[in-house]
file input07.cif (mmCIF, C-alpha atoms and all ligand atoms)
data_entry
loop_
_atom_site.label_atom_id
_atom_site.label_comp_id
_atom_site.auth_asym_id
_atom_site.auth_seq_id
_atom_site.Cartn_x
_atom_site.Cartn_y
_atom_site.Cartn_z
CA MET A 1 -64.39 129.67 18.48
CA ASN A 2 -61.66 127.12 19.25
CA LYS A 3 -58.12 128.39 18.99
CA ASP A 4 -55.82 126.55 16.56
CA ASN A 5 -53.26 124.24 18.16
CA ILE A 6 -49.94 125.09 16.56
CA ILE A 7 -47.01 123.01 17.76
CA LEU A 8 -43.33 123.53 17.01
CA GLY A 9 -41.51 120.18 17.19
CA ILE A 10 -37.73 120.02 17.69
CA GLU A 11 -35.72 116.82 17.12
CA SER A 12 -32.03 116.52 18.01
CA SER A 13 -31.60 113.00 19.44
CA CYS A 14 -28.88 111.74 17.13
CA ASP A 15 -27.34 113.29 14.01
CA ASP A 16 -30.31 115.07 12.41
CA THR A 17 -31.38 118.56 13.49
CA SER A 18 -35.03 118.95 12.58
CA ALA A 19 -37.92 121.33 13.18
CA SER A 20 -41.56 121.02 12.17
CA ILE A 21 -44.79 122.95 12.53
CA ILE A 22 -48.02 121.02 12.97
CA LYS A 23 -51.35 122.85 13.07
CA ASN A 24 -54.32 120.87 14.41
CA GLY A 25 -52.56 117.62 13.42
CA VAL A 26 -51.70 118.79 9.88
CA VAL A 27 -48.04 119.27 8.96
CA LEU A 28 -47.18 122.72 7.61
CA SER A 29 -43.40 122.28 7.49
CA ASN A 30 -40.74 119.70 8.29
CA VAL A 31 -37.12 120.79 7.86
CA THR A 32 -34.15 118.54 8.56
CA ALA A 33 -30.40 119.22 8.42
CA GLY A 34 -28.32 116.05 8.30
CA GLN A 35 -24.67 115.85 9.36
CA GLU A 36 -22.23 114.61 6.75
CA VAL A 37 -19.37 114.99 9.21
CA HIS A 38 -19.93 111.40 10.47
CA GLU A 39 -19.72 109.66 7.08
CA LYS A 40 -16.03 108.98 7.18
CA TYR A 41 -16.07 107.64 10.75
CA GLY A 42 -18.47 104.76 10.06
CA GLY A 43 -20.85 105.93 12.79
CA VAL A 44 -22.09 108.98 14.66
CA VAL A 45 -19.40 110.77 16.71
CA PRO A 46 -21.38 112.18 19.69
CA GLU A 47 -19.19 115.22 20.30
CA LEU A 48 -19.33 116.27 16.65
CA ALA A 49 -23.09 115.66 16.57
CA SER A 50 -23.85 118.01 19.45
CA ARG A 51 -21.63 120.73 17.96
CA ALA A 52 -23.42 120.43 14.61
CA HIS A 53 -26.81 120.65 16.36
CA GLN A 54 -25.65 123.92 17.96
CA GLN A 55 -24.83 125.30 14.53
CA ASN A 56 -27.98 124.03 12.82
CA ILE A 57 -30.75 124.55 15.34
CA VAL A 58 -31.45 128.26 14.77
CA PRO A 59 -31.48 128.18 10.94
CA VAL A 60 -33.53 124.96 10.90
CA ILE A 61 -36.23 126.35 13.23
CA ASP A 62 -36.21 129.63 11.35
CA LEU A 63 -36.81 127.83 8.05
CA ALA A 64 -39.55 125.62 9.52
CA LEU A 65 -41.40 128.75 10.68
CA LYS A 66 -40.90 130.49 7.34
CA ASN A 67 -42.03 127.47 5.29
CA ALA A 68 -45.15 127.16 7.46
CA LYS A 69 -45.79 130.93 7.30
CA ILE A 70 -46.05 130.90 11.08
CA GLU A 71 -44.57 133.43 13.48
CA LEU A 72 -43.28 132.65 16.96
CA LYS A 73 -46.23 134.52 18.50
CA ASP A 74 -48.66 132.07 16.78
CA LEU A 75 -47.24 129.00 18.53
CA SER A 76 -49.32 127.14 21.14
CA ALA A 77 -46.51 124.96 22.53
CA ILE A 78 -42.93 123.76 21.99
CA ALA A 79 -42.39 119.98 21.77
CA PHE A 80 -38.87 118.60 21.93
CA THR A 81 -37.24 115.15 21.95
CA GLN A 82 -36.41 114.37 25.57
CA GLY A 83 -35.03 110.89 24.88
CA PRO A 84 -33.85 108.31 24.10
CA GLY A 85 -30.74 109.39 22.23
CA LEU A 86 -27.25 110.80 22.63
CA LEU A 87 -27.10 112.98 25.72
CA GLY A 88 -25.05 115.79 24.17
CA SER A 89 -27.38 115.91 21.17
CA LEU A 90 -30.54 115.82 23.28
CA LEU A 91 -29.18 118.65 25.45
CA VAL A 92 -29.07 121.05 22.52
CA GLY A 93 -32.76 120.57 21.61
CA THR A 94 -33.85 120.45 25.26
CA SER A 95 -32.08 123.67 26.24
CA PHE A 96 -33.31 125.48 23.16
CA ALA A 97 -36.91 124.34 23.68
CA LYS A 98 -36.83 125.33 27.35
CA SER A 99 -35.57 128.85 26.59
CA LEU A 100 -38.06 129.35 23.79
CA SER A 101 -41.03 128.20 25.88
CA LEU A 102 -39.90 130.47 28.73
CA GLY A 103 -39.42 133.42 26.37
CA LEU A 104 -42.80 132.95 24.69
CA ASN A 105 -44.56 131.90 27.91
CA ILE A 106 -46.16 128.84 26.27
CA PRO A 107 -46.19 125.16 27.35
CA LEU A 108 -43.15 122.94 26.99
CA ILE A 109 -43.71 119.31 25.99
CA GLY A 110 -41.03 116.62 26.41
CA VAL A 111 -41.56 113.91 23.79
CA ASN A 112 -40.35 110.32 23.63
CA HIS A 113 -38.53 109.78 20.32
CA MET A 114 -39.73 106.16 19.93
CA LYS A 115 -43.34 107.17 20.47
CA GLY A 116 -42.70 109.81 17.84
CA HIS A 117 -41.58 107.25 15.25
CA ILE A 118 -44.84 105.35 15.78
CA LEU A 119 -47.14 108.37 15.89
CA ALA A 120 -45.64 109.60 12.60
CA HIS A 121 -48.43 107.47 11.11
CA PHE A 122 -50.90 110.07 12.36
CA ILE A 123 -49.36 113.10 10.63
CA GLN A 124 -51.92 114.50 8.22
CA GLU A 125 -50.90 116.38 5.07
CA GLU A 126 -52.72 119.51 3.94
CA GLY A 127 -55.65 118.81 1.64
CA GLN A 128 -55.67 115.02 1.98
CA GLU A 129 -57.20 112.82 4.65
CA LYS A 130 -54.90 109.87 5.32
CA THR A 131 -56.16 106.57 6.72
CA VAL A 132 -54.54 105.97 10.10
CA PRO A 133 -54.17 102.73 12.09
CA LYS A 134 -57.01 101.79 14.42
CA PHE A 135 -56.24 101.01 18.07
CA PRO A 136 -54.92 98.63 19.17
CA PHE A 137 -52.32 98.12 16.46
CA ILE A 138 -48.91 96.49 16.31
CA CYS A 139 -45.88 98.50 15.22
CA LEU A 140 -42.46 97.15 14.35
CA THR A 141 -40.12 100.04 15.16
CA VAL A 142 -36.76 99.56 13.50
CA SER A 143 -34.11 102.25 13.71
CA GLY A 144 -30.41 102.75 14.26
CA GLY A 145 -30.80 102.46 18.02
CA HIS A 146 -33.93 100.32 18.52
CA THR A 147 -35.77 97.26 17.31
CA GLN A 148 -39.08 96.79 19.07
CA ILE A 149 -42.49 95.26 18.52
CA VAL A 150 -44.92 97.61 20.21
CA LYS A 151 -48.63 97.24 20.94
CA VAL A 152 -50.19 100.67 20.59
CA LEU A 153 -53.34 100.90 22.71
CA ALA A 154 -53.93 104.65 22.36
CA PRO A 155 -51.83 107.54 21.00
CA LEU A 156 -49.90 107.83 24.23
CA LYS A 157 -50.31 104.31 25.62
CA MET A 158 -47.79 101.80 24.33
CA GLU A 159 -46.53 98.43 25.48
CA VAL A 160 -43.34 96.72 24.27
CA LEU A 161 -44.06 93.06 23.43
CA GLY A 162 -40.61 92.20 22.11
CA GLU A 163 -37.28 93.88 21.44
CA THR A 164 -33.67 93.26 20.59
CA ILE A 165 -31.45 91.99 23.37
CA ASP A 166 -28.36 93.61 21.80
CA ASP A 167 -27.86 95.53 18.51
CA ALA A 168 -30.64 97.19 16.55
CA ALA A 169 -31.62 96.22 13.00
CA GLY A 170 -30.24 99.55 11.70
CA GLU A 171 -26.89 98.75 13.31
CA ALA A 172 -26.90 95.37 11.59
CA PHE A 173 -27.24 97.22 8.28
CA ASP A 174 -24.71 99.93 9.12
CA LYS A 175 -22.05 97.61 10.53
CA ALA A 176 -22.28 95.26 7.54
CA ALA A 177 -22.03 98.26 5.23
CA LYS A 178 -18.89 99.38 7.05
CA LEU A 179 -17.35 95.93 6.52
CA LEU A 180 -18.20 96.27 2.82
CA GLY A 181 -16.31 99.59 2.76
CA LEU A 182 -19.44 101.74 2.42
CA PRO A 183 -19.84 105.11 4.25
CA TYR A 184 -22.20 105.76 7.20
CA PRO A 185 -25.16 105.33 7.28
CA GLY A 186 -24.88 102.20 5.16
CA GLY A 187 -28.50 101.00 5.40
CA PRO A 188 -29.76 103.06 2.44
CA LEU A 189 -26.72 102.01 0.36
CA ILE A 190 -27.27 98.30 1.03
CA ASP A 191 -30.89 98.86 -0.03
CA GLU A 192 -29.70 100.53 -3.24
CA TYR A 193 -27.14 97.83 -4.20
CA ALA A 194 -29.63 95.08 -3.29
CA LYS A 195 -32.04 96.28 -5.97
CA ASN A 196 -29.94 94.62 -8.70
CA GLY A 197 -28.82 91.64 -6.62
CA ASN A 198 -29.89 88.02 -6.21
CA SER A 199 -31.20 87.58 -2.66
CA ASP A 200 -30.91 83.77 -2.87
CA LYS A 201 -27.19 83.77 -3.71
CA PHE A 202 -25.88 83.68 -0.12
CA SER A 203 -27.51 82.43 3.05
CA PHE A 204 -27.10 83.26 6.72
CA THR A 205 -28.38 81.55 9.83
CA TYR A 206 -30.99 83.00 12.17
CA PRO A 207 -30.10 83.82 15.77
CA LYS A 208 -32.01 81.76 18.30
CA THR A 209 -33.89 84.15 20.57
CA GLU A 210 -36.74 83.51 22.96
CA GLY A 211 -40.34 84.53 22.27
CA PHE A 212 -40.70 87.86 20.51
CA SER A 213 -37.15 89.08 21.12
CA TYR A 214 -34.44 89.71 18.54
CA SER A 215 -30.65 89.55 18.50
CA PHE A 216 -28.45 91.10 15.83
CA SER A 217 -24.95 91.08 17.30
CA GLY A 218 -24.22 87.49 16.17
CA LEU A 219 -25.29 88.36 12.65
CA LYS A 220 -22.58 91.01 12.46
CA THR A 221 -19.91 88.42 13.41
CA GLN A 222 -21.42 85.90 10.99
CA PHE A 223 -21.24 88.49 8.22
CA MET A 224 -17.62 89.35 9.05
CA ASN A 225 -16.64 85.66 8.88
CA PHE A 226 -18.58 85.25 5.65
CA LEU A 227 -16.59 88.08 4.04
CA LYS A 228 -13.27 86.77 5.40
CA LYS A 229 -13.99 83.34 3.93
CA GLY A 230 -14.89 84.83 0.55
CA LEU A 231 -11.81 87.07 0.49
CA LYS A 232 -9.53 84.10 1.27
CA THR A 233 -10.11 82.61 -2.17
CA ASP A 234 -10.96 85.75 -4.10
CA ASP A 235 -9.42 89.18 -3.47
CA ASN A 236 -12.29 90.79 -5.36
CA PHE A 237 -15.02 88.85 -3.55
CA ILE A 238 -16.72 92.00 -2.28
CA THR A 239 -16.59 94.06 -5.46
CA ASP A 240 -17.56 91.11 -7.68
CA ASN A 241 -20.54 90.17 -5.51
CA LEU A 242 -21.57 93.45 -3.88
CA GLU A 243 -25.14 93.49 -5.20
CA ASP A 244 -25.81 89.82 -4.39
CA ILE A 245 -24.25 90.17 -0.92
CA CYS A 246 -26.42 93.21 -0.16
CA ALA A 247 -29.59 91.56 -1.49
CA SER A 248 -29.01 88.30 0.43
CA TYR A 249 -28.09 90.03 3.69
CA GLN A 250 -31.00 92.47 3.47
CA LYS A 251 -33.49 89.67 2.73
CA HIS A 252 -32.16 87.75 5.71
CA ILE A 253 -32.73 90.69 8.10
CA VAL A 254 -36.20 91.35 6.69
CA ASN A 255 -37.20 87.66 6.98
CA TYR A 256 -35.98 87.59 10.56
CA LEU A 257 -37.91 90.76 11.45
CA PHE A 258 -41.12 89.29 10.04
CA GLN A 259 -40.65 85.89 11.69
CA LYS A 260 -41.28 87.54 15.05
CA LEU A 261 -43.74 90.16 13.87
CA LYS A 262 -45.98 87.44 12.40
CA LYS A 263 -45.86 85.53 15.69
CA VAL A 264 -46.97 88.64 17.59
CA ALA A 265 -49.76 89.45 15.13
CA PHE A 266 -51.15 85.91 15.36
CA SER A 267 -50.84 85.59 19.13
CA GLU A 268 -52.41 89.01 19.77
CA ASN A 269 -54.97 88.43 17.02
CA ILE A 270 -54.44 91.98 15.73
CA ASN A 271 -54.63 92.72 12.01
CA GLN A 272 -53.52 96.38 12.06
CA ILE A 273 -49.79 96.20 11.39
CA ALA A 274 -47.44 99.17 11.01
CA ILE A 275 -43.71 99.70 10.59
CA ALA A 276 -41.77 102.76 11.73
CA GLY A 277 -38.24 104.12 12.18
CA GLY A 278 -35.32 104.61 9.81
CA VAL A 279 -35.18 101.00 8.61
CA SER A 280 -38.85 101.21 7.60
CA ALA A 281 -37.52 103.17 4.60
CA ASN A 282 -36.04 99.88 3.37
CA SER A 283 -37.67 98.86 0.10
CA CYS A 284 -37.51 95.12 0.83
CA LEU A 285 -39.12 95.57 4.26
CA ARG A 286 -41.87 97.74 2.78
CA ALA A 287 -42.58 95.30 -0.05
CA GLU A 288 -42.62 92.32 2.29
CA LEU A 289 -45.09 94.01 4.66
CA LYS A 290 -47.36 94.73 1.73
CA ARG A 291 -47.11 91.11 0.53
CA LEU A 292 -47.80 89.68 3.99
CA GLY A 293 -50.67 92.11 4.47
CA GLU A 294 -52.35 90.78 1.34
CA LYS A 295 -51.68 87.18 2.36
CA HIS A 296 -52.95 87.46 5.95
CA ALA A 297 -55.66 90.11 5.42
CA TRP A 298 -53.82 92.66 7.54
CA ASN A 299 -54.34 96.40 7.24
CA THR A 300 -50.77 97.54 6.78
CA PHE A 301 -49.32 101.00 7.43
CA ILE A 302 -46.08 102.05 5.79
CA PRO A 303 -44.83 105.56 6.61
CA LYS A 304 -44.08 108.16 3.97
CA PHE A 305 -40.29 108.30 3.39
CA ASP A 306 -40.05 111.75 5.01
CA TYR A 307 -41.32 110.31 8.29
CA CYS A 308 -39.21 107.09 8.44
CA THR A 309 -35.83 108.46 9.43
CA ASP A 310 -35.48 111.02 12.22
CA ASN A 311 -37.63 114.09 11.67
CA ALA A 312 -39.40 116.69 13.80
CA GLY A 313 -42.82 116.07 12.25
CA MET A 314 -43.09 112.96 14.41
CA ILE A 315 -42.13 114.98 17.50
CA ALA A 316 -44.64 117.73 16.70
CA ILE A 317 -47.51 115.24 16.18
CA THR A 318 -46.70 113.49 19.47
CA GLY A 319 -46.50 116.92 21.12
CA TYR A 320 -49.91 117.68 19.62
CA TYR A 321 -51.47 114.60 21.31
CA GLN A 322 -49.74 115.47 24.60
CA PHE A 323 -50.99 119.05 24.25
CA LEU A 324 -54.57 117.81 23.92
CA GLU A 325 -54.10 115.86 27.16
CA GLY A 326 -52.34 118.69 28.99
CA ASP A 327 -49.26 116.50 29.35
CA PHE A 328 -46.67 119.25 29.84
CA SER A 329 -43.08 119.43 31.10
CA ASN A 330 -41.53 122.24 33.09
CA GLN A 331 -38.21 124.08 33.29
CA ASN A 332 -36.74 121.23 35.34
CA ALA A 333 -36.96 118.90 32.33
CA ILE A 334 -33.70 117.15 31.52
CA PRO A 335 -32.83 114.82 28.64
CA ASN A 336 -33.23 111.11 29.28
CA ALA A 337 -30.81 109.16 27.08
CA ARG A 338 -32.47 105.84 27.93
CA MET A 339 -36.11 106.89 27.99
CA LYS A 340 -38.50 103.92 27.53
CA VAL A 341 -41.34 104.00 25.03
CA GLU A 342 -43.83 103.45 27.87
CA GLU A 343 -42.70 106.75 29.53
O1 LIG A 401 -34.76 106.34 12.86
P1 LIG A 401 -33.40 106.72 12.41
O2 LIG A 401 -33.27 107.85 11.41
O3 LIG A 401 -32.48 107.09 13.61
C1 LIG A 401 -32.53 106.45 14.84
O4 LIG A 401 -33.44 106.80 15.63
O5 LIG A 401 -31.70 105.56 15.01
O6 LIG A 401 -32.76 105.40 11.81
C2 LIG A 401 -31.50 105.39 11.23
C3 LIG A 401 -31.20 103.99 10.74
C4 LIG A 401 -29.77 103.82 10.26
O7 LIG A 401 -29.26 102.64 10.84
C5 LIG A 401 -29.91 103.70 8.76
O8 LIG A 401 -28.92 102.91 8.14
C6 LIG A 401 -31.26 103.01 8.66
O9 LIG A 401 -32.04 103.66 9.62
N1 LIG A 401 -31.86 103.16 7.32
C7 LIG A 401 -32.04 102.13 6.47
C8 LIG A 401 -32.61 102.67 5.29
N2 LIG A 401 -32.77 104.02 5.48
C9 LIG A 401 -32.30 104.30 6.74
N3 LIG A 401 -31.76 100.82 6.60
C10 LIG A 401 -32.05 100.02 5.56
N4 LIG A 401 -32.58 100.47 4.39
C11 LIG A 401 -32.88 101.78 4.23
N5 LIG A 401 -33.41 102.20 3.07
ZN ZN A 402 -35.08 107.59 15.35
#

call {"tool": "encode", "arguments": {"input": "input07.cif", "output": "structure tokens"}}
result
Amino acid sequence: MNKDNIILGIESSCDDTSASIIKNGVVLSNVTAGQEVHEKYGGVVPELASRAHQQNIVPVIDLALKNAKIELKDLSAIAFTQGPGLLGSLLVGTSFAKSLSLGLNIPLIGVNHMKGHILAHFIQEEGQEKTVPKFPFICLTVSGGHTQIVKVLAPLKMEVLGETIDDAAGEAFDKAAKLLGLPYPGGPLIDEYAKNGNSDKFSFTYPKTEGFSYSFSGLKTQFMNFLKKGLKTDDNFITDNLEDICASYQKHIVNYLFQKLKKVAFSENINQIAIAGGVSANSCLRAELKRLGEKHAWNTFIPKFDYCTDNAGMIAITGYYQFLEGDFSNQNAIPNARMKVEE
């Protein structure tokens, strides 16, 4: 009889401490503790993030085990986010995972966070068989730190076809939100205000970038100048137009993301198209992918909300695939803040 593969995944790359148990590819638990401490700073403060991970990691792992009704002795391996991310944050998860694997004498698996976002599409829920993308597929990974168009050839074989040359799409949302006086992270708030806004009210220009690459830093400056101009003639420009500003800005980012994604899909002649990462929670992005999928006969894959933003389910599922291939780390493993998705 085959033994069950039970993986504990640990995620601590940025400001979410998360733990998940995945048994034979099926998620049994996925627990995440966010960090409100950053809200008032308009971005993640690395030192505060690593301290909060230290406080959260034991209770979060404990709860993930309890929710899954799994004991430490049942685990087959420990998967942890090795990178990319904030070094101090990554160190907490890495050190914890190393000690636990040593203590339990089970394999340690260093996981790439960006691979995790993509492989979140393969997490199966108990009692329901989900359709997963067929290889090769194209994934637009949009998060607070990355914006990439990735060709996924196999679970652990990925190739970046295009990426941002500066800021990430999530940063474009968060920085605009900060200028609007909204707390961090502003992406979900822009999404919320945009729901009642007119997306045709204001227009922005697209950055000119080569091939399949993106650029978002100019958009931030453009948005700042747009607000300054509005506030010159109307002190209440932001409050009077908040919903329309959010809707127009959000639509602009989404259109820009799809401009390049469409190019890639056509040039690669691939009709399996997925989105992943925190920004894939955006309702406009999700709706537009669905619309384009119907128009171009694409099979589209939109992650469940729980698996869009940072979570350990995606780390556990990637760990599960690495486990099947015997792709293990050892006690010399160190975090890699700039780890590439190909690694
Ligand atoms: O993947 P993630 O949780 O962390 C990173 O790996 O960076 O992504 C976080 C990013 C933030 O920039 C946040 O504002 C953005 O995802 N985000 C959204 C939405 N939900 C999260 N952006 C736009 N609309 C949303 N609904
Ligand atoms: Zn992420």

call {"tool": "residues_around", "arguments": {"input": "input07.cif", "residues": "Phe173 in chain A", "least_positions_apart": "3", "cutoff": "8 Å", "atoms": "only C-alpha atoms", "output": "JSON, numbers by chain"}}
result
{"A": [169, 170, 176, 177, 186, 187, 190, 250]}

call {"tool": "closest_residue", "arguments": {"input": "input07.cif", "among": "A:Ile118, A:Leu161, A:Ile138, A:Leu231", "to": "ligand LIG 401 (chain A)", "atoms": "only C-alpha atoms and all ligand atoms"}}
result
A:Ile118

call {"tool": "residues_near_point", "arguments": {"input": "input07.cif", "point": "(-29.2, 101.8, 3.3)", "cutoff": "12 Å", "atoms": "all atoms listed in the file", "output": "number ranges by chain"}}
result
A: 143-144, 169-178, 182-195, 246-247, 249-250, 278-285, 309

call {"tool": "residues_around", "arguments": {"input": "input07.cif", "residues": "range 292-298 of chain A", "least_positions_apart": "2", "cutoff": "12 Å", "atoms": "all atoms listed in the file", "output": "PDB file with C-alpha atoms, keeping the file's coordinate frame"}}
result
ATOM      1  CA  PRO A 133     -54.170 102.730  12.090  1.00  0.00           C
ATOM      2  CA  LYS A 134     -57.010 101.790  14.420  1.00  0.00           C
ATOM      3  CA  PHE A 137     -52.320  98.120  16.460  1.00  0.00           C
ATOM      4  CA  ILE A 138     -48.910  96.490  16.310  1.00  0.00           C
ATOM      5  CA  ASN A 255     -37.200  87.660   6.980  1.00  0.00           C
ATOM      6  CA  PHE A 258     -41.120  89.290  10.040  1.00  0.00           C
ATOM      7  CA  GLN A 259     -40.650  85.890  11.690  1.00  0.00           C
ATOM      8  CA  LEU A 261     -43.740  90.160  13.870  1.00  0.00           C
ATOM      9  CA  LYS A 262     -45.980  87.440  12.400  1.00  0.00           C
ATOM     10  CA  ALA A 265     -49.760  89.450  15.130  1.00  0.00           C
ATOM     11  CA  PHE A 266     -51.150  85.910  15.360  1.00  0.00           C
ATOM     12  CA  ASN A 269     -54.970  88.430  17.020  1.00  0.00           C
ATOM     13  CA  ILE A 270     -54.440  91.980  15.730  1.00  0.00           C
ATOM     14  CA  ASN A 271     -54.630  92.720  12.010  1.00  0.00           C
ATOM     15  CA  GLN A 272     -53.520  96.380  12.060  1.00  0.00           C
ATOM     16  CA  ILE A 273     -49.790  96.200  11.390  1.00  0.00           C
ATOM     17  CA  ALA A 274     -47.440  99.170  11.010  1.00  0.00           C
ATOM     18  CA  ILE A 275     -43.710  99.700  10.590  1.00  0.00           C
ATOM     19  CA  LEU A 285     -39.120  95.570   4.260  1.00  0.00           C
ATOM     20  CA  ARG A 286     -41.870  97.740   2.780  1.00  0.00           C
ATOM     21  CA  ALA A 287     -42.580  95.300  -0.050  1.00  0.00           C
ATOM     22  CA  GLU A 288     -42.620  92.320   2.290  1.00  0.00           C
ATOM     23  CA  LEU A 289     -45.090  94.010   4.660  1.00  0.00           C
ATOM     24  CA  LYS A 290     -47.360  94.730   1.730  1.00  0.00           C
ATOM     25  CA  THR A 300     -50.770  97.540   6.780  1.00  0.00           C
ATOM     26  CA  PHE A 301     -49.320 101.000   7.430  1.00  0.00           C
ATOM     27  CA  ILE A 302     -46.080 102.050   5.790  1.00  0.00           C
TER      28      ILE A 302
END

call {"tool": "closest_residue", "arguments": {"input": "input07.cif", "among": "A:Met114, A:Ile165, A:Leu140, A:Val31", "to": "Ala64 in chain A", "atoms": "only C-alpha atoms"}}
result
A:Val31

call {"tool": "build_atoms", "arguments": {"input": "input07.cif", "residues": "range 144-160 of chain A", "atoms": "N, CA, C and O atoms", "output": "PDB file, in the coordinates of the input"}}
result
ATOM      1  N   GLY A 144     -31.829 102.963  14.015  1.00  0.00           N
ATOM      2  CA  GLY A 144     -30.410 102.750  14.260  1.00  0.00           C
ATOM      3  C   GLY A 144     -30.116 102.391  15.705  1.00  0.00           C
ATOM      4  O   GLY A 144     -29.075 101.837  16.024  1.00  0.00           O
ATOM      5  N   GLY A 145     -31.037 102.717  16.597  1.00  0.00           N
ATOM      6  CA  GLY A 145     -30.800 102.460  18.020  1.00  0.00           C
ATOM      7  C   GLY A 145     -31.778 101.477  18.629  1.00  0.00           C
ATOM      8  O   GLY A 145     -31.548 100.993  19.736  1.00  0.00           O
ATOM      9  N   HIS A 146     -32.883 101.164  17.927  1.00  0.00           N
ATOM     10  CA  HIS A 146     -33.930 100.320  18.520  1.00  0.00           C
ATOM     11  C   HIS A 146     -34.509  99.327  17.537  1.00  0.00           C
ATOM     12  O   HIS A 146     -34.566  99.602  16.339  1.00  0.00           O
ATOM     13  N   THR A 147     -34.969  98.219  18.065  1.00  0.00           N
ATOM     14  CA  THR A 147     -35.770  97.260  17.310  1.00  0.00           C
ATOM     15  C   THR A 147     -36.800  96.733  18.296  1.00  0.00           C
ATOM     16  O   THR A 147     -36.454  96.024  19.240  1.00  0.00           O
ATOM     17  N   GLN A 148     -38.043  97.142  18.090  1.00  0.00           N
ATOM     18  CA  GLN A 148     -39.080  96.790  19.070  1.00  0.00           C
ATOM     19  C   GLN A 148     -40.375  96.425  18.361  1.00  0.00           C
ATOM     20  O   GLN A 148     -40.697  96.992  17.314  1.00  0.00           O
ATOM     21  N   ILE A 149     -41.117  95.499  18.971  1.00  0.00           N
ATOM     22  CA  ILE A 149     -42.490  95.260  18.520  1.00  0.00           C
ATOM     23  C   ILE A 149     -43.376  95.844  19.615  1.00  0.00           C
ATOM     24  O   ILE A 149     -43.308  95.432  20.771  1.00  0.00           O
ATOM     25  N   VAL A 150     -44.158  96.853  19.225  1.00  0.00           N
ATOM     26  CA  VAL A 150     -44.920  97.610  20.210  1.00  0.00           C
ATOM     27  C   VAL A 150     -46.423  97.449  19.957  1.00  0.00           C
ATOM     28  O   VAL A 150     -46.875  97.491  18.809  1.00  0.00           O
ATOM     29  N   LYS A 151     -47.169  97.240  21.040  1.00  0.00           N
ATOM     30  CA  LYS A 151     -48.630  97.240  20.940  1.00  0.00           C
ATOM     31  C   LYS A 151     -49.090  98.646  21.294  1.00  0.00           C
ATOM     32  O   LYS A 151     -48.771  99.143  22.388  1.00  0.00           O
ATOM     33  N   VAL A 152     -49.770  99.280  20.373  1.00  0.00           N
ATOM     34  CA  VAL A 152     -50.190 100.670  20.590  1.00  0.00           C
ATOM     35  C   VAL A 152     -51.672 100.670  20.954  1.00  0.00           C
ATOM     36  O   VAL A 152     -52.533 100.384  20.116  1.00  0.00           O
ATOM     37  N   LEU A 153     -51.962 100.974  22.204  1.00  0.00           N
ATOM     38  CA  LEU A 153     -53.340 100.900  22.710  1.00  0.00           C
ATOM     39  C   LEU A 153     -54.099 102.197  22.515  1.00  0.00           C
ATOM     40  O   LEU A 153     -55.313 102.204  22.366  1.00  0.00           O
ATOM     41  N   ALA A 154     -53.369 103.300  22.537  1.00  0.00           N
ATOM     42  CA  ALA A 154     -53.930 104.650  22.360  1.00  0.00           C
ATOM     43  C   ALA A 154     -52.735 105.516  21.947  1.00  0.00           C
ATOM     44  O   ALA A 154     -51.592 105.074  22.076  1.00  0.00           O
ATOM     45  N   PRO A 155     -52.979 106.755  21.469  1.00  0.00           N
ATOM     46  CA  PRO A 155     -51.830 107.540  21.000  1.00  0.00           C
ATOM     47  C   PRO A 155     -50.668 107.586  21.996  1.00  0.00           C
ATOM     48  O   PRO A 155     -49.515 107.501  21.600  1.00  0.00           O
ATOM     49  N   LEU A 156     -50.988 107.681  23.276  1.00  0.00           N
ATOM     50  CA  LEU A 156     -49.900 107.830  24.230  1.00  0.00           C
ATOM     51  C   LEU A 156     -49.752 106.613  25.154  1.00  0.00           C
ATOM     52  O   LEU A 156     -49.074 106.688  26.172  1.00  0.00           O
ATOM     53  N   LYS A 157     -50.379 105.501  24.773  1.00  0.00           N
ATOM     54  CA  LYS A 157     -50.310 104.310  25.620  1.00  0.00           C
ATOM     55  C   LYS A 157     -49.728 103.155  24.806  1.00  0.00           C
ATOM     56  O   LYS A 157     -50.396 102.622  23.906  1.00  0.00           O
ATOM     57  N   MET A 158     -48.495 102.812  25.119  1.00  0.00           N
ATOM     58  CA  MET A 158     -47.790 101.800  24.330  1.00  0.00           C
ATOM     59  C   MET A 158     -47.165 100.758  25.252  1.00  0.00           C
ATOM     60  O   MET A 158     -46.769 101.066  26.371  1.00  0.00           O
ATOM     61  N   GLU A 159     -47.054  99.542  24.692  1.00  0.00           N
ATOM     62  CA  GLU A 159     -46.530  98.430  25.480  1.00  0.00           C
ATOM     63  C   GLU A 159     -45.553  97.660  24.593  1.00  0.00           C
ATOM     64  O   GLU A 159     -45.917  97.276  23.470  1.00  0.00           O
ATOM     65  N   VAL A 160     -44.321  97.456  25.080  1.00  0.00           N
ATOM     66  CA  VAL A 160     -43.340  96.720  24.270  1.00  0.00           C
ATOM     67  C   VAL A 160     -43.577  95.219  24.453  1.00  0.00           C
ATOM     68  O   VAL A 160     -43.544  94.711  25.560  1.00  0.00           O
TER      69      VAL A 160
END
